[in-house]
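Participant: To start, I am sharing the structure in question, which I have written as structure tokens.
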Amino acid sequence: MKKILILNGPNLNLLGVREKSIYGDQDFLTYFDTLKSRYDAVELFYFQSNHEGGIIDKLHEIGFSYDGVVLNAGAYTHTSVAIADAIAAINTPVVEVHISNVHKRESFRHHSYLSSVCVGVICGFGLDSYRLGLESFL
Ligand code: DQA
């Protein structure tokens with residue numbers, strides 16, 4: 001069975017509460033449960049951290065044994081050379097996802113430090129961006 005990690009960065013623990021007009025009204029754990037039951041032929045894991053180092057530690061921990069990471073690094077996408085270096089350092093392929101279409105938003109969200117070290121980027125499909133990212137590994 002393939003092992004896939006969904007890794008969420010800062011403020012994504014507040015999905016369903018936070019800026020609902022942008023991120024929707026569903027909390028992530030409920031969505032994750034539906035994904036797990038729909039994709040029961042995959043070992044699906046979830047981790048969230050509000051800290052840059054927490055995201056990096058998790059990438060190091062699983063990055064030589066898992067088959068894929070679906071990563072929404074939140075605002076660290078636009079700032080973190082350290083997370084980009086961690087993605088480049090591991091063997092496990094990473095797909096970058098965003099709930100919102102970052103290219104329709106403020107210009108500081110248009111640049112990603114992560115895209116160039118990821119397999120691909122999916123953004124703008126709401127929570128379905130995670131499912132599409134997961135599908136890319138199957
Ligand atoms: C986000 C987009 C980022 O710009 C923002 O900082 C987030 C969420 C998204 O999923 O649309 O926290 O990654």
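Starting from 1 in every chain, residues are counted up; chains themselves are A, B, ... following the order of the structure tokens, and ligands are numbered from 1 as listed.
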If the limit is 9 Å from any atom of ligand 1, counting only C-alpha atoms and all ligand atoms, which residues qualify? Return them as a PyMOL selection string.

Facilitator: chain A and resi 8-12+22-23+72-78+96-102+105-106+108-110+123-124+126-127+129

Participant: Can you write out the residues you just picked, keeping N, CA and C atoms, as a PDB file, in the first residue's frame?

Facilitator:
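Dumped everything to again.pdb:
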ATOM      1  N   ASN A   8       0.015  20.020   6.332  1.00  0.00           N
ATOM      2  CA  ASN A   8      -0.518  21.382   6.333  1.00  0.00           C
ATOM      3  C   ASN A   8       0.336  22.292   7.202  1.00  0.00           C
ATOM      4  N   GLY A   9       0.546  23.500   6.716  1.00  0.00           N
ATOM      5  CA  GLY A   9       1.322  24.491   7.435  1.00  0.00           C
ATOM      6  C   GLY A   9       0.468  25.446   8.254  1.00  0.00           C
ATOM      7  N   PRO A  10       1.005  26.630   8.527  1.00  0.00           N
ATOM      8  CA  PRO A  10       0.401  27.550   9.487  1.00  0.00           C
ATOM      9  C   PRO A  10      -1.003  28.006   9.136  1.00  0.00           C
ATOM     10  N   ASN A  11      -1.816  28.092  10.169  1.00  0.00           N
ATOM     11  CA  ASN A  11      -3.191  28.597  10.142  1.00  0.00           C
ATOM     12  C   ASN A  11      -4.182  27.644   9.487  1.00  0.00           C
ATOM     13  N   LEU A  12      -3.697  26.539   8.964  1.00  0.00           N
ATOM     14  CA  LEU A  12      -4.612  25.603   8.301  1.00  0.00           C
ATOM     15  C   LEU A  12      -5.336  24.719   9.313  1.00  0.00           C
ATOM     16  N   ILE A  22     -12.810  32.692   1.599  1.00  0.00           N
ATOM     17  CA  ILE A  22     -11.657  32.250   0.801  1.00  0.00           C
ATOM     18  C   ILE A  22     -11.440  30.741   0.938  1.00  0.00           C
ATOM     19  N   TYR A  23     -11.538  30.244   2.184  1.00  0.00           N
ATOM     20  CA  TYR A  23     -11.120  28.860   2.450  1.00  0.00           C
ATOM     21  C   TYR A  23     -12.270  27.885   2.711  1.00  0.00           C
ATOM     22  N   ASN A  72       0.530  21.671   1.727  1.00  0.00           N
ATOM     23  CA  ASN A  72       0.064  23.055   1.707  1.00  0.00           C
ATOM     24  C   ASN A  72       0.847  23.769   2.806  1.00  0.00           C
ATOM     25  N   ALA A  73       1.883  24.478   2.418  1.00  0.00           N
ATOM     26  CA  ALA A  73       2.751  25.136   3.404  1.00  0.00           C
ATOM     27  C   ALA A  73       2.197  26.495   3.832  1.00  0.00           C
ATOM     28  N   GLY A  74       0.970  26.833   3.388  1.00  0.00           N
ATOM     29  CA  GLY A  74       0.378  28.114   3.778  1.00  0.00           C
ATOM     30  C   GLY A  74       1.314  29.253   3.398  1.00  0.00           C
ATOM     31  N   ALA A  75       1.405  30.247   4.268  1.00  0.00           N
ATOM     32  CA  ALA A  75       2.201  31.441   3.969  1.00  0.00           C
ATOM     33  C   ALA A  75       3.698  31.149   3.835  1.00  0.00           C
ATOM     34  N   TYR A  76       4.170  30.022   4.417  1.00  0.00           N
ATOM     35  CA  TYR A  76       5.590  29.677   4.258  1.00  0.00           C
ATOM     36  C   TYR A  76       5.953  29.393   2.797  1.00  0.00           C
ATOM     37  N   THR A  77       4.939  29.079   1.993  1.00  0.00           N
ATOM     38  CA  THR A  77       5.146  28.900   0.550  1.00  0.00           C
ATOM     39  C   THR A  77       5.893  30.094  -0.040  1.00  0.00           C
ATOM     40  N   HIS A  78       5.510  31.280   0.454  1.00  0.00           N
ATOM     41  CA  HIS A  78       5.991  32.520  -0.149  1.00  0.00           C
ATOM     42  C   HIS A  78       7.244  33.072   0.534  1.00  0.00           C
ATOM     43  N   GLU A  96       2.793  20.474  -4.360  1.00  0.00           N
ATOM     44  CA  GLU A  96       2.375  21.708  -3.669  1.00  0.00           C
ATOM     45  C   GLU A  96       0.902  21.946  -3.962  1.00  0.00           C
ATOM     46  N   VAL A  97       0.117  22.170  -2.929  1.00  0.00           N
ATOM     47  CA  VAL A  97      -1.302  22.486  -3.144  1.00  0.00           C
ATOM     48  C   VAL A  97      -1.698  23.743  -2.373  1.00  0.00           C
ATOM     49  N   HIS A  98      -2.705  24.415  -2.921  1.00  0.00           N
ATOM     50  CA  HIS A  98      -3.331  25.553  -2.251  1.00  0.00           C
ATOM     51  C   HIS A  98      -4.829  25.474  -2.452  1.00  0.00           C
ATOM     52  N   ILE A  99      -5.557  25.842  -1.418  1.00  0.00           N
ATOM     53  CA  ILE A  99      -7.015  25.836  -1.476  1.00  0.00           C
ATOM     54  C   ILE A  99      -7.490  26.940  -2.416  1.00  0.00           C
ATOM     55  N   SER A 100      -6.944  28.127  -2.227  1.00  0.00           N
ATOM     56  CA  SER A 100      -7.334  29.274  -3.046  1.00  0.00           C
ATOM     57  C   SER A 100      -6.448  29.351  -4.287  1.00  0.00           C
ATOM     58  N   ASN A 101      -6.923  30.092  -5.269  1.00  0.00           N
ATOM     59  CA  ASN A 101      -6.077  30.373  -6.444  1.00  0.00           C
ATOM     60  C   ASN A 101      -5.182  31.549  -6.081  1.00  0.00           C
ATOM     61  N   VAL A 102      -3.965  31.225  -5.655  1.00  0.00           N
ATOM     62  CA  VAL A 102      -3.054  32.260  -5.150  1.00  0.00           C
ATOM     63  C   VAL A 102      -2.737  33.317  -6.222  1.00  0.00           C
ATOM     64  N   ARG A 105      -4.887  36.437  -6.192  1.00  0.00           N
ATOM     65  CA  ARG A 105      -4.848  37.174  -4.928  1.00  0.00           C
ATOM     66  C   ARG A 105      -3.686  38.171  -4.917  1.00  0.00           C
ATOM     67  N   GLU A 106      -3.307  38.647  -3.737  1.00  0.00           N
ATOM     68  CA  GLU A 106      -2.261  39.666  -3.615  1.00  0.00           C
ATOM     69  C   GLU A 106      -0.979  39.181  -4.311  1.00  0.00           C
ATOM     70  N   PHE A 108       2.054  39.257  -3.412  1.00  0.00           N
ATOM     71  CA  PHE A 108       3.044  38.531  -2.601  1.00  0.00           C
ATOM     72  C   PHE A 108       2.750  37.030  -2.540  1.00  0.00           C
ATOM     73  N   ARG A 109       1.524  36.647  -2.945  1.00  0.00           N
ATOM     74  CA  ARG A 109       1.202  35.208  -2.966  1.00  0.00           C
ATOM     75  C   ARG A 109       1.526  34.570  -4.319  1.00  0.00           C
ATOM     76  N   HIS A 110       1.997  35.366  -5.277  1.00  0.00           N
ATOM     77  CA  HIS A 110       2.230  34.823  -6.625  1.00  0.00           C
ATOM     78  C   HIS A 110       3.533  34.047  -6.714  1.00  0.00           C
ATOM     79  N   CYS A 123      -3.709  24.478  -7.452  1.00  0.00           N
ATOM     80  CA  CYS A 123      -4.288  25.521  -6.602  1.00  0.00           C
ATOM     81  C   CYS A 123      -5.622  25.994  -7.146  1.00  0.00           C
ATOM     82  N   GLY A 124      -6.476  26.422  -6.223  1.00  0.00           N
ATOM     83  CA  GLY A 124      -7.714  27.085  -6.627  1.00  0.00           C
ATOM     84  C   GLY A 124      -8.941  26.204  -6.654  1.00  0.00           C
ATOM     85  N   GLY A 126     -10.392  24.712  -3.991  1.00  0.00           N
ATOM     86  CA  GLY A 126     -10.915  24.505  -2.642  1.00  0.00           C
ATOM     87  C   GLY A 126     -10.238  23.298  -2.016  1.00  0.00           C
ATOM     88  N   LEU A 127     -10.932  22.628  -1.094  1.00  0.00           N
ATOM     89  CA  LEU A 127     -10.325  21.453  -0.449  1.00  0.00           C
ATOM     90  C   LEU A 127     -10.060  20.340  -1.456  1.00  0.00           C
ATOM     91  N   SER A 129      -8.393  20.514  -3.945  1.00  0.00           N
ATOM     92  CA  SER A 129      -6.973  20.582  -4.345  1.00  0.00           C
ATOM     93  C   SER A 129      -6.174  19.440  -3.702  1.00  0.00           C
TER      94      SER A 129
END

Participant: Please provide as a count of residues only all residues within 10 Å of Ile83 in chain A, with the sequence filter that same-chain residues fewer than 2 positions apart are discarded (counting only C-alpha atoms).

Facilitator: 20

Participant: Which neighbours of Asp67 in chain A fall inside 7 Å, counting only C-alpha atoms, when residues of the same chain fewer than 4 positions from it are skipped, and could you give them as a PyMOL selection string?

Facilitator: chain A and resi 2-4+92

Participant: Give me every helix (DSSP H, G or I) residue in range 19-130 of chain A, going by DSSP on the backbone, as JSON, numbers by chain.

Facilitator: {"A": [20, 21, 22, 23, 28, 29, 30, 31, 32, 33, 34, 35, 36, 37, 38, 52, 53, 54, 55, 56, 57, 58, 59, 60, 61, 62, 74, 75, 76, 77, 78, 81, 82, 83, 84, 85, 86, 87, 88, 89, 102, 103, 104, 107, 108, 109, 115, 116, 117, 128, 129, 130]}

Participant: Would you return as a list in words the members of range 34-87 of chain A that DSSP assigns to strand (DSSP E) on this structure's backbone?

Facilitator: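 Selection result, strand (DSSP E) within range 34-87 of chain A: Val42, Glu43, Leu44, Phe45, Tyr46, Phe47, Gln48, Gly68, Val69, Val70, Leu71 and Asn72 of chain A.
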
Participant: Next, dump the selected residues to file, keeping only all heavy atoms, as a short mmCIF file (atom, residue, chain, number, x, y, z; two decimals), in the first residue's frame.

Facilitator:
data_model
loop_
_atom_site.label_atom_id
_atom_site.label_comp_id
_atom_site.auth_asym_id
_atom_site.auth_seq_id
_atom_site.Cartn_x
_atom_site.Cartn_y
_atom_site.Cartn_z
N VAL A 42 -5.02 3.29 0.05
CA VAL A 42 -3.81 4.08 0.32
C VAL A 42 -3.69 4.24 1.83
O VAL A 42 -4.69 4.38 2.53
CB VAL A 42 -3.96 5.51 -0.30
CG1 VAL A 42 -2.72 6.34 -0.08
CG2 VAL A 42 -4.34 5.44 -1.75
N GLU A 43 -2.45 4.21 2.32
CA GLU A 43 -2.24 4.56 3.73
C GLU A 43 -2.07 6.07 3.79
O GLU A 43 -1.02 6.59 3.34
CB GLU A 43 -0.99 3.87 4.26
CG GLU A 43 -1.24 2.52 4.87
CD GLU A 43 -0.01 2.06 5.63
OE1 GLU A 43 0.88 1.50 4.96
OE2 GLU A 43 0.08 2.29 6.85
N LEU A 44 -3.09 6.72 4.29
CA LEU A 44 -3.11 8.18 4.26
C LEU A 44 -2.88 8.73 5.68
O LEU A 44 -3.54 8.32 6.62
CB LEU A 44 -4.49 8.61 3.74
CG LEU A 44 -4.67 9.98 3.14
CD1 LEU A 44 -3.64 10.28 2.05
CD2 LEU A 44 -6.09 10.10 2.56
N PHE A 45 -1.92 9.65 5.78
CA PHE A 45 -1.58 10.25 7.08
C PHE A 45 -1.76 11.75 7.00
O PHE A 45 -1.69 12.34 5.92
CB PHE A 45 -0.12 9.93 7.45
CG PHE A 45 0.15 8.46 7.57
CD1 PHE A 45 0.52 7.72 6.45
CD2 PHE A 45 0.03 7.81 8.79
CE1 PHE A 45 0.76 6.35 6.54
CE2 PHE A 45 0.27 6.44 8.90
CZ PHE A 45 0.63 5.72 7.78
N TYR A 46 -1.95 12.36 8.18
CA TYR A 46 -2.13 13.82 8.22
C TYR A 46 -1.29 14.41 9.34
O TYR A 46 -1.23 13.87 10.45
CB TYR A 46 -3.61 14.16 8.45
CG TYR A 46 -3.84 15.65 8.61
CD1 TYR A 46 -3.47 16.53 7.59
CD2 TYR A 46 -4.41 16.16 9.78
CE1 TYR A 46 -3.66 17.89 7.74
CE2 TYR A 46 -4.61 17.54 9.92
CZ TYR A 46 -4.23 18.38 8.91
OH TYR A 46 -4.40 19.74 9.05
N PHE A 47 -0.64 15.54 9.02
CA PHE A 47 0.11 16.27 10.05
C PHE A 47 -0.02 17.76 9.76
O PHE A 47 0.00 18.18 8.59
CB PHE A 47 1.59 15.86 10.02
CG PHE A 47 2.42 16.52 11.09
CD1 PHE A 47 2.37 16.10 12.41
CD2 PHE A 47 3.27 17.57 10.77
CE1 PHE A 47 3.13 16.71 13.39
CE2 PHE A 47 4.04 18.19 11.75
CZ PHE A 47 3.97 17.75 13.07
N GLN A 48 -0.17 18.54 10.82
CA GLN A 48 -0.25 20.00 10.66
C GLN A 48 0.69 20.65 11.67
O GLN A 48 0.80 20.20 12.82
CB GLN A 48 -1.70 20.47 10.91
CG GLN A 48 -1.97 21.94 10.57
CD GLN A 48 -1.67 22.90 11.74
OE1 GLN A 48 -1.72 22.50 12.90
NE2 GLN A 48 -1.36 24.13 11.42
N GLY A 68 4.70 9.73 -1.16
CA GLY A 68 4.34 11.07 -1.63
C GLY A 68 3.90 11.97 -0.49
O GLY A 68 3.43 11.50 0.55
N VAL A 69 4.06 13.27 -0.70
CA VAL A 69 3.57 14.28 0.25
C VAL A 69 2.72 15.28 -0.52
O VAL A 69 3.14 15.77 -1.58
CB VAL A 69 4.73 15.03 0.94
CG1 VAL A 69 4.19 16.13 1.86
CG2 VAL A 69 5.64 14.08 1.71
N VAL A 70 1.53 15.54 0.00
CA VAL A 70 0.68 16.61 -0.51
C VAL A 70 0.84 17.76 0.48
O VAL A 70 0.39 17.66 1.62
CB VAL A 70 -0.80 16.15 -0.59
CG1 VAL A 70 -1.70 17.27 -1.06
CG2 VAL A 70 -0.94 14.92 -1.49
N LEU A 71 1.53 18.81 0.05
CA LEU A 71 1.95 19.87 0.98
C LEU A 71 1.23 21.19 0.70
O LEU A 71 1.32 21.73 -0.41
CB LEU A 71 3.46 20.10 0.85
CG LEU A 71 4.04 21.31 1.59
CD1 LEU A 71 3.90 21.16 3.11
CD2 LEU A 71 5.51 21.52 1.23
N ASN A 72 0.53 21.67 1.73
CA ASN A 72 0.06 23.05 1.71
C ASN A 72 0.85 23.77 2.81
O ASN A 72 0.52 23.65 3.99
CB ASN A 72 -1.44 23.14 1.96
CG ASN A 72 -1.94 24.57 1.81
OD1 ASN A 72 -1.16 25.51 1.72
ND2 ASN A 72 -3.26 24.74 1.82
#

Participant: Just give me the gap between CA of Tyr39 in chain A and CA of Val119 in chain A in Å, one decimal is fine.

Facilitator: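 Separating CA of Tyr39 in chain A from CA of Val119 in chain A is a distance of 21.0 Å.
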
Participant: Rounded to one decimal, what separation in Å do you get between CA of Ile6 in chain A and CA of Ser21 in chain A?

Facilitator: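 One can read the CA of Ile6 in chain A to CA of Ser21 in chain A distance as 23.0 Å.
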
Participant: Tell me which of A:His103, A:Leu138, A:Ile90, A:Arg38 sits closest to Glu61 in chain A, counting only C-alpha atoms.

Facilitator: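 Counting only C-alpha atoms, the residue closest to Glu61 in chain A is A:Ile90.
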
Participant: List every residue of range 48-135 of chain A that has an atom at most 10 Å from any atom of range 25-33 of chain A, giving for each one its closest atom pair and the distance in Å to one decimal, counting only C-alpha atoms, sorted by chain and then by ascending residue number, as JSON lines.

Facilitator:
{"residue": "A:Leu127", "atom": "CA", "partner": "A:Tyr31", "partner_atom": "CA", "distance": 7.8}
{"residue": "A:Asp128", "atom": "CA", "partner": "A:Tyr31", "partner_atom": "CA", "distance": 9.4}
{"residue": "A:Tyr130", "atom": "CA", "partner": "A:Phe32", "partner_atom": "CA", "distance": 9.3}
{"residue": "A:Arg131", "atom": "CA", "partner": "A:Phe32", "partner_atom": "CA", "distance": 9.6}

Participant: Could the residues in this selection be saved with N, CA and C atoms as a PDB file, in the first residue's frame?

Facilitator:
ATOM      1  N   LEU A 127     -10.932  22.628  -1.094  1.00  0.00           N
ATOM      2  CA  LEU A 127     -10.325  21.453  -0.449  1.00  0.00           C
ATOM      3  C   LEU A 127     -10.060  20.340  -1.456  1.00  0.00           C
ATOM      4  N   ASP A 128     -10.765  20.360  -2.580  1.00  0.00           N
ATOM      5  CA  ASP A 128     -10.535  19.350  -3.616  1.00  0.00           C
ATOM      6  C   ASP A 128      -9.099  19.407  -4.152  1.00  0.00           C
ATOM      7  N   TYR A 130      -6.519  19.097  -2.438  1.00  0.00           N
ATOM      8  CA  TYR A 130      -5.794  18.011  -1.752  1.00  0.00           C
ATOM      9  C   TYR A 130      -6.063  16.672  -2.436  1.00  0.00           C
ATOM     10  N   ARG A 131      -7.335  16.440  -2.809  1.00  0.00           N
ATOM     11  CA  ARG A 131      -7.684  15.171  -3.467  1.00  0.00           C
ATOM     12  C   ARG A 131      -6.961  15.061  -4.807  1.00  0.00           C
TER      13      ARG A 131
END
